[in-house]
Amino acid sequence: MDNSRVFWTEDLSIAFGGLLAVDRVNLDISRGEILGLIGPNGSGKTTIFNLVTGIYTPSTGDFFFEGESLLGKPAYQIARKGIARTFQISRLCLDLSVLDNVFIGMHYRQKYWLVDAVFRRRLLAREVSQARDRAFSLLGVFNEELVDLAGKPVGTLPQIDRRRVEICRAMAMEPKLLLLDEPSAGMTPEEMTELMQDIKKVQEESEGISIIIVEHDMTVIRSISDRVVALNYGRKIAEGTFEEVSDNAEVREAYLGKRGHRL
Amino acid sequence: MDDQQRTLAGPWGIIILLGVELIIYVLFLALLLVPGGEILAAEALLLVAAVFYFRRNPALGARIQQLFAAHARIAWIGAVVLVLLIPFFIASSPYWLFTIIIAGLFLTACLGLNLQLGSSGMVNLASAAFYAVGAYAAGLLALGWGWPAWITLPAGAVMAGLFSALLFVPVLKTKGHYLALVTIAFQFMVTILLDNMEWTGGPQGLKNIPLFSVAGYSFNTAINLGFIKLPAYANFFYLMVLVVAVVGVASQRIYSSWVGVTLSTIRDDEIAAQTFGVQVNRWKLVIFSLGNCFIGLAGAFYSHLVGFISPPNFAFDKSLVMVSIVILGGMDNVFGVIVGSLLLIILPEKLRVVQDYRFLIYGLVLIIMLIFRPRGLVPFKARDFLDLAGPVRRKRAASASSTVSEGGA
Ligand SMILES: Nc1ncnc2c1ncn2[C@@H]1O[C@H](COP(=O)(O)OP(=O)(O)OP(=O)(O)O)[C@@H](O)[C@H]1O
Ligand SMILES: [Mg+2]
């Protein structure tokens with residue numbers, strides 16, 4: 001086995017009723033790589049993320065992280081191995097402050113427990129100040145203004161800032177593998193460019209982190225990913241550099257059917 | 001603006017703050033001591049007027065809030081002193097003192113319920129049943145084995161916690177509203193069992209449960225201070241204040257800690273919580289049990305306060321009252337629960353005439369609240385960890401963010 005492979009799947013599949021949403025998909029990603037995952041609507045991209053984070057259990061197949069099978073492990077254990085994600089439809093807690101949302105990303109590194117919450121306030125103050133410094137430096141990567149908004153409920157922030165907070169929350173976990181599900185959805189082209197620069201910055205600052213990014217926007221995929229995998233009807237139909245994949249006949253057909261203009 | 005700042009910091013600020021507390025206190029006592037419904041109507045009008053006034057002048061409200069934040073310690077000392085003086089002012093009416101103690105017990109129980117329902121989103125419609133577990137455990141231990149009250153109180157709490165852990169295990173595998181359904185079933189099971197089991201006294205319940213006594217001092221004795229004679233309930237009142245203080249401080253500390261963040265995330269989005277490494281089921285089990293411990297503690301206290309308990313004391317309607325208190329007062333907010341308990345326990349006693357329609361009114365209040373103010377009177381507030389940090393850490397935070405900006409530049 002290739003040692004540089006951080007994460008890979010083996011014939012990963014799941015069926016919902018009669019529908020094979022993911023059909024024997026083999027993916028792999030090396031340390032420090034950015035893998036673009038593309039495919040028309042409903043081709044199974046989000047479902048793959050849900051499978052490898054333990055939200056769904058595969059019907060057949062297996063997936064490995066740092067050489068260890070994570071099949072059947074509950075979501076919280078998979079997270080603790082070092083896989084973090086964002087969601088296509090934001091899952092931030094809108095009533096909670098920006099800081100609280102980022103803090104949950106640090107949850108499993110805290111040794112703090114219920115008894116400590118009541119009796120060890122000094123310890124809490126110390127931990128909070130450290131955690132907050134870290135949260136501020138994460139938020140600061142994106143936008144200095146986000147730091148000033150740290151005490152505000154996330155629900156009061158504009159869409160682009162929410163996306164950023166979600167990425168910060170995932171980064172707060174100090175993951176080795178980061179899964180981004182359409183991080184630029186609902187943004188203007190300018191905001192999108194800005195966000196992509198941010199993501200690059202994040203990746204440079206935490207060297208070694210691998211990223212799988214799902215995106216519909218091909219300019220984004222072209223500019224950011226080292227390698228691209230294309231899906232259609234749950235199957236992997238192409239893999240390679242952006243040029244190779246976008247020249248692939250099957251990919252062209254899959255997209256031309258619905259959204260050829262995107263390519 | 002500078003002038004105002006100085007007013008805030010100086011002795012005038014403190015005087016204004018204590019004045020605000022005193023006004024609320026006097027209005028509260030007047031409500032209890034002045035007979036008849038007119039005082040209630042008058043205060044209700046006053047309240048409405050005040051609400052409108054503060055709506056129009058939000059700056060004033062904000063300034064009073066700042067005042068309380070700036071002098072938090074003095075505000076607390078003032079409030080505690082005023083609360084401790086309550087028995088002195090209503091020494092002439094033990095009935096109200098008793099009602100306040102009952103409100104305190106509901107408050108204790110509802111702080112537990114708030115941990116479950118408000119902080120973690122777990123619907124518990126069996127709070128009266130867990131209240132019963134605490135009450136009967138304390139009563140049976142005291143009657144059967146002669147255990148003293150200072151042991152039966154925690155024993156009642158622990159029993160309620162154990163029962164809830166047992167109840168929760170089968171629910172762990174299910175999702176959604178099953179917890180609510182299971183708790184309703186548990187509630188009815190407990191009432192029916194209590195009615196039919198011989199060793200709990202059946203429909204007659206338990207009689208002659210020894211009242212509190214500590215080291216030979218019976219709580220059933222009036223306190224004669226020479227210049228004033230406090231009714232025996234004053235003993236219970238001070239013990240109640242102690243219990244509420246312990247449970248309240250614990251609740252507030254849980255809210256303003258990592259645990260609070262974890263619980264809020266579980267409440268708002270279980271899937272997101274799991275994705276970030278939270279052991280959702282473990283936390284739910286722990287919080288469900290802890291909340292029921294608080295409820296059981298209140299139940300045990302009740303046993304030793306009245307000395308006589310029977311199944312109707314713990315029927316489903318009590319569970320509904322407790323849920324109403326949390327929803328009305330404000331989810332996941334300790335102060336909200338205090339407000340809710342006072343409103344829903346003290347006011348109906350004042351409104352004796354409408355006693356028969358009590359539940360109709362509860363229902364109406366709940367519906368109106370859910371439509372117009374679904375988050376309760378004192379809603380959940382985003383935690384302010386910046387506050388907890390204090391000046392030293394604030395400085396460090398500032399330097400940290402400036403380091404980042406240098407790095408980014
Ligand atoms: N929980 C579920 N139950 C039933 N069917 C599902 C479920 N989740 C996904 N599917 C189906 O699986 C297929 C793949 O969905 P998925 O969300 O993974 O697509 P996607 O590639 O992320 O699409 P999009 O670009 O629109 O986000 C779709 O046909 C979808 O309807
Ligand atoms: Mg998707």
# chains A, B, ... in the order shown; residues from 1 in each chain; ligands from 1
$ select_by_dssp --residues "range 90-232 of chain B" --states "alpha helix (DSSP H)" --output "tab-separated table (two decimals) with N, CA, C and O atoms, in the first residue's frame"
chain	number	residue	atom	x	y	z
B	94	PRO	N	-48.27	33.17	57.50
B	94	PRO	CA	-47.56	31.92	57.21
B	94	PRO	C	-48.02	31.29	55.91
B	94	PRO	O	-47.24	30.61	55.23
B	95	TYR	N	-49.26	31.56	55.54
B	95	TYR	CA	-49.79	30.99	54.32
B	95	TYR	C	-48.95	31.41	53.11
B	95	TYR	O	-48.58	30.60	52.27
B	96	TRP	N	-48.61	32.70	53.05
B	96	TRP	CA	-47.80	33.16	51.93
B	96	TRP	C	-46.38	32.64	52.00
B	96	TRP	O	-45.75	32.33	50.99
B	97	LEU	N	-45.89	32.52	53.23
B	97	LEU	CA	-44.54	31.98	53.38
B	97	LEU	C	-44.51	30.55	52.82
B	97	LEU	O	-43.59	30.16	52.09
B	98	PHE	N	-45.57	29.79	53.16
B	98	PHE	CA	-45.67	28.42	52.66
B	98	PHE	C	-45.73	28.42	51.13
B	98	PHE	O	-45.03	27.64	50.47
B	99	THR	N	-46.54	29.31	50.57
B	99	THR	CA	-46.65	29.38	49.11
B	99	THR	C	-45.30	29.69	48.47
B	99	THR	O	-44.95	29.13	47.43
B	100	ILE	N	-44.56	30.58	49.11
B	100	ILE	CA	-43.24	30.92	48.55
B	100	ILE	C	-42.31	29.71	48.60
B	100	ILE	O	-41.54	29.45	47.67
B	101	ILE	N	-42.41	28.94	49.68
B	101	ILE	CA	-41.58	27.73	49.77
B	101	ILE	C	-41.95	26.77	48.64
B	101	ILE	O	-41.07	26.20	47.97
B	102	ILE	N	-43.26	26.62	48.42
B	102	ILE	CA	-43.70	25.73	47.34
B	102	ILE	C	-43.16	26.25	45.99
B	102	ILE	O	-42.66	25.48	45.16
B	103	ALA	N	-43.23	27.57	45.81
B	103	ALA	CA	-42.68	28.14	44.57
B	103	ALA	C	-41.20	27.81	44.45
B	103	ALA	O	-40.70	27.49	43.36
B	104	GLY	N	-40.49	27.85	45.58
B	104	GLY	CA	-39.06	27.52	45.58
B	104	GLY	C	-38.83	26.07	45.18
B	104	GLY	O	-37.87	25.75	44.48
B	105	LEU	N	-39.72	25.17	45.65
B	105	LEU	CA	-39.57	23.76	45.28
B	105	LEU	C	-39.84	23.56	43.80
B	105	LEU	O	-39.13	22.82	43.12
B	106	PHE	N	-40.87	24.23	43.29
B	106	PHE	CA	-41.12	24.16	41.85
B	106	PHE	C	-39.92	24.70	41.08
B	106	PHE	O	-39.53	24.18	40.05
B	107	LEU	N	-39.35	25.80	41.61
B	107	LEU	CA	-38.18	26.38	40.96
B	107	LEU	C	-37.04	25.37	40.90
B	107	LEU	O	-36.41	25.17	39.85
B	108	THR	N	-36.80	24.70	42.03
B	108	THR	CA	-35.73	23.68	42.06
B	108	THR	C	-35.99	22.61	41.00
B	108	THR	O	-35.11	22.26	40.21
B	109	ALA	N	-37.23	22.09	40.99
B	109	ALA	CA	-37.58	21.04	40.03
B	109	ALA	C	-37.44	21.56	38.61
B	109	ALA	O	-36.91	20.88	37.73
B	110	CYS	N	-37.92	22.78	38.39
B	110	CYS	CA	-37.91	23.32	37.02
B	110	CYS	C	-36.50	23.65	36.55
B	110	CYS	O	-36.24	23.65	35.34
B	111	LEU	N	-35.59	23.92	37.47
B	111	LEU	CA	-34.20	24.10	37.04
B	111	LEU	C	-33.68	22.78	36.48
B	111	LEU	O	-32.93	22.75	35.50
B	112	GLY	N	-34.11	21.68	37.11
B	112	GLY	CA	-33.76	20.36	36.57
B	112	GLY	C	-34.39	20.14	35.22
B	112	GLY	O	-33.74	19.71	34.27
B	113	LEU	N	-35.68	20.46	35.13
B	113	LEU	CA	-36.39	20.29	33.86
B	113	LEU	C	-35.77	21.19	32.78
B	113	LEU	O	-35.68	20.81	31.61
B	120	SER	N	-31.00	21.09	26.65
B	120	SER	CA	-30.64	19.98	25.76
B	120	SER	C	-31.76	19.54	24.84
B	120	SER	O	-31.57	18.61	24.06
B	127	SER	N	-42.10	14.99	34.88
B	127	SER	CA	-41.38	15.60	36.00
B	127	SER	C	-42.11	15.34	37.32
B	127	SER	O	-41.47	15.11	38.34
B	128	ALA	N	-43.45	15.32	37.28
B	128	ALA	CA	-44.19	15.05	38.52
B	128	ALA	C	-43.90	13.64	39.01
B	128	ALA	O	-43.85	13.38	40.22
B	129	ALA	N	-43.70	12.71	38.09
B	129	ALA	CA	-43.41	11.33	38.49
B	129	ALA	C	-42.04	11.26	39.17
B	129	ALA	O	-41.88	10.56	40.18
B	130	PHE	N	-41.06	11.99	38.66
B	130	PHE	CA	-39.75	11.98	39.31
B	130	PHE	C	-39.80	12.74	40.64
B	130	PHE	O	-39.09	12.39	41.58
B	131	TYR	N	-40.65	13.75	40.69
B	131	TYR	CA	-40.93	14.45	41.95
B	131	TYR	C	-41.47	13.43	42.95
B	131	TYR	O	-41.06	13.38	44.12
B	132	ALA	N	-42.37	12.55	42.48
B	132	ALA	CA	-42.95	11.51	43.33
B	132	ALA	C	-41.87	10.53	43.79
B	132	ALA	O	-41.84	10.15	44.97
B	133	VAL	N	-40.99	10.14	42.88
B	133	VAL	CA	-39.94	9.19	43.26
B	133	VAL	C	-39.12	9.78	44.41
B	133	VAL	O	-38.86	9.11	45.42
B	134	GLY	N	-38.74	11.05	44.28
B	134	GLY	CA	-37.97	11.70	45.35
B	134	GLY	C	-38.77	11.75	46.64
B	134	GLY	O	-38.26	11.43	47.72
B	135	ALA	N	-40.03	12.15	46.53
B	135	ALA	CA	-40.87	12.33	47.73
B	135	ALA	C	-41.10	11.00	48.43
B	135	ALA	O	-40.93	10.88	49.65
B	136	TYR	N	-41.48	9.98	47.67
B	136	TYR	CA	-41.76	8.67	48.29
B	136	TYR	C	-40.49	8.03	48.82
B	136	TYR	O	-40.51	7.39	49.88
B	137	ALA	N	-39.39	8.18	48.09
B	137	ALA	CA	-38.13	7.61	48.58
B	137	ALA	C	-37.79	8.22	49.94
B	137	ALA	O	-37.49	7.50	50.90
B	138	ALA	N	-37.88	9.55	50.03
B	138	ALA	CA	-37.56	10.21	51.29
B	138	ALA	C	-38.52	9.77	52.38
B	138	ALA	O	-38.12	9.43	53.50
B	139	GLY	N	-39.82	9.76	52.04
B	139	GLY	CA	-40.84	9.40	53.03
B	139	GLY	C	-40.64	7.97	53.53
B	139	GLY	O	-40.66	7.72	54.74
B	140	LEU	N	-40.43	7.05	52.61
B	140	LEU	CA	-40.30	5.64	53.00
B	140	LEU	C	-39.03	5.41	53.82
B	140	LEU	O	-39.05	4.69	54.82
B	141	LEU	N	-37.94	6.05	53.42
B	141	LEU	CA	-36.69	5.88	54.17
B	141	LEU	C	-36.82	6.45	55.57
B	141	LEU	O	-36.32	5.88	56.54
B	142	ALA	N	-37.53	7.58	55.68
B	142	ALA	CA	-37.68	8.21	56.99
B	142	ALA	C	-38.62	7.39	57.87
B	142	ALA	O	-38.35	7.17	59.05
B	143	LEU	N	-39.72	6.93	57.28
B	143	LEU	CA	-40.70	6.18	58.06
B	143	LEU	C	-40.20	4.78	58.39
B	143	LEU	O	-40.31	4.31	59.52
B	144	GLY	N	-39.66	4.10	57.39
B	144	GLY	CA	-39.28	2.70	57.55
B	144	GLY	C	-38.02	2.52	58.37
B	144	GLY	O	-37.96	1.69	59.28
B	145	TRP	N	-36.99	3.29	58.05
B	145	TRP	CA	-35.71	3.08	58.69
B	145	TRP	C	-35.27	4.23	59.58
B	145	TRP	O	-34.16	4.23	60.09
B	149	ALA	N	-33.51	13.56	57.86
B	149	ALA	CA	-33.84	14.27	56.63
B	149	ALA	C	-32.61	14.69	55.83
B	149	ALA	O	-32.65	14.74	54.61
B	150	TRP	N	-31.50	14.97	56.54
B	150	TRP	CA	-30.35	15.43	55.76
B	150	TRP	C	-29.74	14.30	54.94
B	150	TRP	O	-28.93	14.52	54.06
B	151	ILE	N	-30.15	13.04	55.23
B	151	ILE	CA	-29.74	11.94	54.33
B	151	ILE	C	-30.84	11.65	53.31
B	151	ILE	O	-30.55	11.35	52.15
B	152	THR	N	-32.11	11.73	53.74
B	152	THR	CA	-33.18	11.37	52.81
B	152	THR	C	-33.29	12.37	51.67
B	152	THR	O	-33.70	12.01	50.57
B	153	LEU	N	-32.91	13.62	51.89
B	153	LEU	CA	-32.95	14.61	50.80
B	153	LEU	C	-32.06	14.17	49.63
B	153	LEU	O	-32.55	13.96	48.53
B	154	PRO	N	-30.75	14.00	49.88
B	154	PRO	CA	-29.92	13.51	48.77
B	154	PRO	C	-30.35	12.13	48.29
B	154	PRO	O	-30.25	11.83	47.09
B	155	ALA	N	-30.85	11.28	49.21
B	155	ALA	CA	-31.26	9.93	48.79
B	155	ALA	C	-32.41	10.02	47.79
B	155	ALA	O	-32.44	9.29	46.80
B	156	GLY	N	-33.36	10.93	48.06
B	156	GLY	CA	-34.48	11.11	47.13
B	156	GLY	C	-33.97	11.55	45.76
B	156	GLY	O	-34.42	11.07	44.73
B	157	ALA	N	-33.00	12.47	45.77
B	157	ALA	CA	-32.43	12.95	44.51
B	157	ALA	C	-31.78	11.81	43.75
B	157	ALA	O	-32.00	11.62	42.55
B	158	VAL	N	-30.98	11.01	44.46
B	158	VAL	CA	-30.26	9.91	43.81
B	158	VAL	C	-31.25	8.88	43.26
B	158	VAL	O	-31.08	8.38	42.13
B	159	MET	N	-32.30	8.57	44.03
B	159	MET	CA	-33.29	7.61	43.56
B	159	MET	C	-33.91	8.08	42.24
B	159	MET	O	-34.04	7.30	41.29
B	160	ALA	N	-34.30	9.36	42.20
B	160	ALA	CA	-34.91	9.89	40.97
B	160	ALA	C	-33.92	9.78	39.81
B	160	ALA	O	-34.29	9.42	38.69
B	161	GLY	N	-32.64	10.06	40.10
B	161	GLY	CA	-31.62	9.94	39.06
B	161	GLY	C	-31.49	8.51	38.55
B	161	GLY	O	-31.41	8.28	37.35
B	162	LEU	N	-31.50	7.54	39.48
B	162	LEU	CA	-31.37	6.14	39.08
B	162	LEU	C	-32.57	5.70	38.23
B	162	LEU	O	-32.41	5.06	37.19
B	163	PHE	N	-33.77	6.05	38.69
B	163	PHE	CA	-34.96	5.69	37.94
B	163	PHE	C	-34.88	6.25	36.52
B	163	PHE	O	-35.22	5.57	35.55
B	164	SER	N	-34.42	7.48	36.39
B	164	SER	CA	-34.42	8.09	35.06
B	164	SER	C	-33.36	7.44	34.18
B	164	SER	O	-33.56	7.29	32.98
B	165	ALA	N	-32.25	7.01	34.78
B	165	ALA	CA	-31.25	6.30	33.97
B	165	ALA	C	-31.84	5.01	33.43
B	165	ALA	O	-31.68	4.68	32.25
B	166	LEU	N	-32.57	4.29	34.29
B	166	LEU	CA	-33.22	3.05	33.85
B	166	LEU	C	-34.21	3.32	32.73
B	166	LEU	O	-34.26	2.61	31.73
B	167	LEU	N	-34.99	4.37	32.92
B	167	LEU	CA	-36.02	4.70	31.94
B	167	LEU	C	-35.39	5.09	30.60
B	167	LEU	O	-35.92	4.83	29.53
B	168	PHE	N	-34.22	5.71	30.69
B	168	PHE	CA	-33.64	6.31	29.49
B	168	PHE	C	-32.99	5.28	28.59
B	168	PHE	O	-32.94	5.47	27.38
B	169	VAL	N	-32.50	4.19	29.16
B	169	VAL	CA	-31.75	3.23	28.35
B	169	VAL	C	-32.55	2.74	27.13
B	169	VAL	O	-32.05	2.78	26.01
B	170	PRO	N	-33.82	2.32	27.31
B	170	PRO	CA	-34.55	1.88	26.11
B	170	PRO	C	-34.81	3.00	25.11
B	170	PRO	O	-34.99	2.74	23.92
B	171	VAL	N	-34.82	4.24	25.59
B	171	VAL	CA	-35.12	5.35	24.69
B	171	VAL	C	-33.91	5.70	23.82
B	171	VAL	O	-34.05	6.27	22.75
B	178	TYR	N	-40.01	10.16	20.67
B	178	TYR	CA	-40.28	9.00	21.50
B	178	TYR	C	-40.04	9.28	22.96
B	178	TYR	O	-40.74	8.77	23.83
B	179	LEU	N	-39.04	10.10	23.25
B	179	LEU	CA	-38.75	10.39	24.65
B	179	LEU	C	-39.98	11.00	25.31
B	179	LEU	O	-40.36	10.62	26.42
B	180	ALA	N	-40.62	11.95	24.62
B	180	ALA	CA	-41.82	12.57	25.17
B	180	ALA	C	-42.88	11.51	25.46
B	180	ALA	O	-43.47	11.49	26.54
B	181	LEU	N	-43.09	10.60	24.50
B	181	LEU	CA	-44.11	9.57	24.68
B	181	LEU	C	-43.75	8.64	25.84
B	181	LEU	O	-44.60	8.32	26.68
B	182	VAL	N	-42.49	8.24	25.89
B	182	VAL	CA	-42.08	7.32	26.96
B	182	VAL	C	-42.25	7.98	28.32
B	182	VAL	O	-42.70	7.36	29.28
B	183	THR	N	-41.93	9.27	28.41
B	183	THR	CA	-42.08	9.93	29.71
B	183	THR	C	-43.55	10.04	30.10
B	183	THR	O	-43.89	9.89	31.27
B	184	ILE	N	-44.43	10.29	29.13
B	184	ILE	CA	-45.86	10.33	29.46
B	184	ILE	C	-46.29	8.97	30.02
B	184	ILE	O	-46.95	8.88	31.06
B	185	ALA	N	-45.86	7.90	29.34
B	185	ALA	CA	-46.21	6.56	29.81
B	185	ALA	C	-45.69	6.35	31.23
B	185	ALA	O	-46.40	5.83	32.09
B	186	PHE	N	-44.46	6.78	31.47
B	186	PHE	CA	-43.87	6.62	32.80
B	186	PHE	C	-44.68	7.37	33.85
B	186	PHE	O	-44.94	6.88	34.94
B	187	GLN	N	-45.07	8.59	33.48
B	187	GLN	CA	-45.87	9.41	34.39
B	187	GLN	C	-47.13	8.65	34.85
B	187	GLN	O	-47.41	8.54	36.04
B	188	PHE	N	-47.86	8.10	33.89
B	188	PHE	CA	-49.11	7.44	34.26
B	188	PHE	C	-48.84	6.13	35.00
B	188	PHE	O	-49.56	5.78	35.93
B	189	MET	N	-47.77	5.46	34.59
B	189	MET	CA	-47.40	4.23	35.29
B	189	MET	C	-47.15	4.52	36.77
B	189	MET	O	-47.66	3.81	37.65
B	190	VAL	N	-46.40	5.56	37.04
B	190	VAL	CA	-46.05	5.88	38.43
B	190	VAL	C	-47.30	6.21	39.23
B	190	VAL	O	-47.51	5.70	40.34
B	191	THR	N	-48.19	7.05	38.67
B	191	THR	CA	-49.39	7.41	39.43
B	191	THR	C	-50.23	6.17	39.71
B	191	THR	O	-50.74	6.00	40.83
B	192	ILE	N	-50.38	5.32	38.70
B	192	ILE	CA	-51.21	4.12	38.90
B	192	ILE	C	-50.57	3.17	39.91
B	192	ILE	O	-51.24	2.67	40.81
B	193	LEU	N	-49.27	2.98	39.79
B	193	LEU	CA	-48.58	2.10	40.75
B	193	LEU	C	-48.72	2.63	42.17
B	193	LEU	O	-49.02	1.88	43.10
B	194	LEU	N	-48.51	3.92	42.34
B	194	LEU	CA	-48.60	4.51	43.68
B	194	LEU	C	-49.99	4.29	44.25
B	194	LEU	O	-50.16	4.04	45.45
B	195	ASP	N	-50.98	4.37	43.39
B	195	ASP	CA	-52.36	4.19	43.83
B	195	ASP	C	-52.63	2.76	44.26
B	195	ASP	O	-53.50	2.50	45.08
B	196	ASN	N	-51.91	1.81	43.68
B	196	ASN	CA	-52.25	0.40	43.87
B	196	ASN	C	-51.28	-0.40	44.72
B	196	ASN	O	-51.62	-1.47	45.18
$ residues_around --residues "Val165 in chain A" --least-positions-apart "5" --cutoff "10 Å" --atoms "only C-alpha atoms" --output "ChimeraX atom specification"
/A:86,92,98-99,101-102,135,138-139,142,146,150,154,157,159-160,170-171
$ residues_near_ligand --ligand "ligand 2" --cutoff "10 Å" --atoms "only C-alpha atoms and all ligand atoms" --output "short mmCIF file (atom, residue, chain, number, x, y, z; two decimals) with N, CA, C and O atoms, in the first residue's frame"
data_model
loop_
_atom_site.label_atom_id
_atom_site.label_comp_id
_atom_site.auth_asym_id
_atom_site.auth_seq_id
_atom_site.Cartn_x
_atom_site.Cartn_y
_atom_site.Cartn_z
N ILE A 38 -16.68 16.11 -8.40
CA ILE A 38 -17.73 16.77 -9.18
C ILE A 38 -18.73 15.74 -9.68
O ILE A 38 -18.52 14.53 -9.57
N GLY A 39 -19.83 16.24 -10.20
CA GLY A 39 -20.89 15.37 -10.71
C GLY A 39 -22.18 16.14 -10.71
O GLY A 39 -22.35 17.06 -9.91
N PRO A 40 -23.11 15.75 -11.62
CA PRO A 40 -24.38 16.46 -11.69
C PRO A 40 -25.18 16.30 -10.39
O PRO A 40 -24.82 15.49 -9.54
N ASN A 41 -26.27 17.04 -10.28
CA ASN A 41 -27.12 16.95 -9.08
C ASN A 41 -27.56 15.51 -8.87
O ASN A 41 -27.91 14.81 -9.82
N GLY A 42 -27.54 15.09 -7.62
CA GLY A 42 -28.02 13.75 -7.30
C GLY A 42 -27.06 12.64 -7.66
O GLY A 42 -27.42 11.47 -7.64
N SER A 43 -25.80 12.98 -7.96
CA SER A 43 -24.88 11.93 -8.38
C SER A 43 -24.22 11.23 -7.18
O SER A 43 -23.47 10.29 -7.36
N GLY A 44 -24.48 11.71 -5.96
CA GLY A 44 -24.02 10.97 -4.78
C GLY A 44 -22.88 11.60 -4.02
O GLY A 44 -22.31 10.98 -3.13
N LYS A 45 -22.56 12.85 -4.31
CA LYS A 45 -21.41 13.48 -3.66
C LYS A 45 -21.63 13.66 -2.16
O LYS A 45 -20.82 13.24 -1.33
N THR A 46 -22.77 14.28 -1.83
CA THR A 46 -23.08 14.50 -0.42
C THR A 46 -23.22 13.16 0.31
O THR A 46 -22.78 13.01 1.45
N THR A 47 -23.81 12.19 -0.38
CA THR A 47 -24.00 10.89 0.25
C THR A 47 -22.66 10.26 0.61
O THR A 47 -22.52 9.64 1.67
N ILE A 48 -21.65 10.44 -0.25
CA ILE A 48 -20.32 9.91 0.08
C ILE A 48 -19.80 10.56 1.37
O ILE A 48 -19.30 9.89 2.26
N PHE A 49 -19.97 11.87 1.48
CA PHE A 49 -19.54 12.55 2.72
C PHE A 49 -20.28 11.98 3.92
O PHE A 49 -19.71 11.76 4.99
N ASN A 50 -21.60 11.77 3.75
CA ASN A 50 -22.38 11.23 4.87
C ASN A 50 -21.93 9.82 5.24
O ASN A 50 -21.99 9.44 6.41
N PHE A 87 -21.24 21.29 5.86
CA PHE A 87 -22.45 20.73 5.28
C PHE A 87 -22.93 21.59 4.11
O PHE A 87 -22.78 22.81 4.13
N GLN A 88 -23.52 20.91 3.13
CA GLN A 88 -24.05 21.63 1.97
C GLN A 88 -25.11 22.63 2.41
O GLN A 88 -25.08 23.79 2.03
N ILE A 89 -26.04 22.15 3.25
CA ILE A 89 -27.00 23.06 3.88
C ILE A 89 -26.47 23.31 5.28
O ILE A 89 -26.38 22.39 6.09
N ASP A 181 -18.44 20.61 1.51
CA ASP A 181 -19.56 20.32 0.62
C ASP A 181 -20.14 21.61 0.07
O ASP A 181 -20.87 22.31 0.76
N GLU A 182 -19.79 21.94 -1.15
CA GLU A 182 -20.24 23.16 -1.82
C GLU A 182 -20.10 24.39 -0.92
O GLU A 182 -21.08 25.06 -0.62
N VAL A 214 -16.35 19.43 -2.77
CA VAL A 214 -17.44 19.27 -3.74
C VAL A 214 -17.81 20.66 -4.22
O VAL A 214 -18.03 21.56 -3.41
N GLU A 215 -17.82 20.85 -5.54
CA GLU A 215 -18.18 22.16 -6.08
C GLU A 215 -18.88 22.01 -7.42
O GLU A 215 -18.52 21.13 -8.21
N HIS A 216 -19.85 22.84 -7.67
CA HIS A 216 -20.46 22.84 -8.99
C HIS A 216 -19.73 23.80 -9.93
O HIS A 216 -19.76 23.64 -11.14
#
$ interface_residues --of "chain B" --to "chain A" --cutoff "6 Å" --atoms "only C-alpha atoms" --output "list in words"
Ala250, Arg253, Ile254, Ser257, Asp268, Gln274, Thr275, Phe276, Gly277, Val278, Ala382, Ala397 and Val404 of chain B
$ atom_distance --atom1 "CA of Asp28 in chain A" --atom2 "CA of Arg5 in chain A"
6.7 Å
$ select_by_dssp --residues "range 35-238 of chain A" --states "strand (DSSP E or B)" --output "JSON, numbers by chain"
{"A": [35, 36, 37, 38, 60, 61, 62, 63, 64, 65, 68, 69, 83, 84, 85, 97, 153, 177, 178, 179, 180, 181, 210, 211, 212, 213, 214, 227, 228, 229, 230, 231, 232, 235, 236, 237, 238]}
$ closest_residue --among "A:Glu207, A:Asp11, A:Asp23, A:Glu166" --to "ligand 1" --atoms "only C-alpha atoms and all ligand atoms"
A:Asp23
$ residues_around --residues "Ser13 in chain A" --least-positions-apart "2" --cutoff "10 Å" --atoms "only C-alpha atoms" --output "MDAnalysis selection string"
chainID A and resid 9:11 15 20:26 47:48 51 57:62 234:235
$ closest_residue --among "A:Leu177, A:Leu71, A:Val228, A:Ala185" --to "ligand 1" --atoms "only C-alpha atoms and all ligand atoms"
A:Ala185
$ residues_around --residues "Phe242 in chain A" --least-positions-apart "5" --cutoff "9 Å" --atoms "only C-alpha atoms" --output "list in words"
Gly36, Ile221, Arg222, Ser225, Asp226, Arg227, Val228, Val229 and Asp247 of chain A
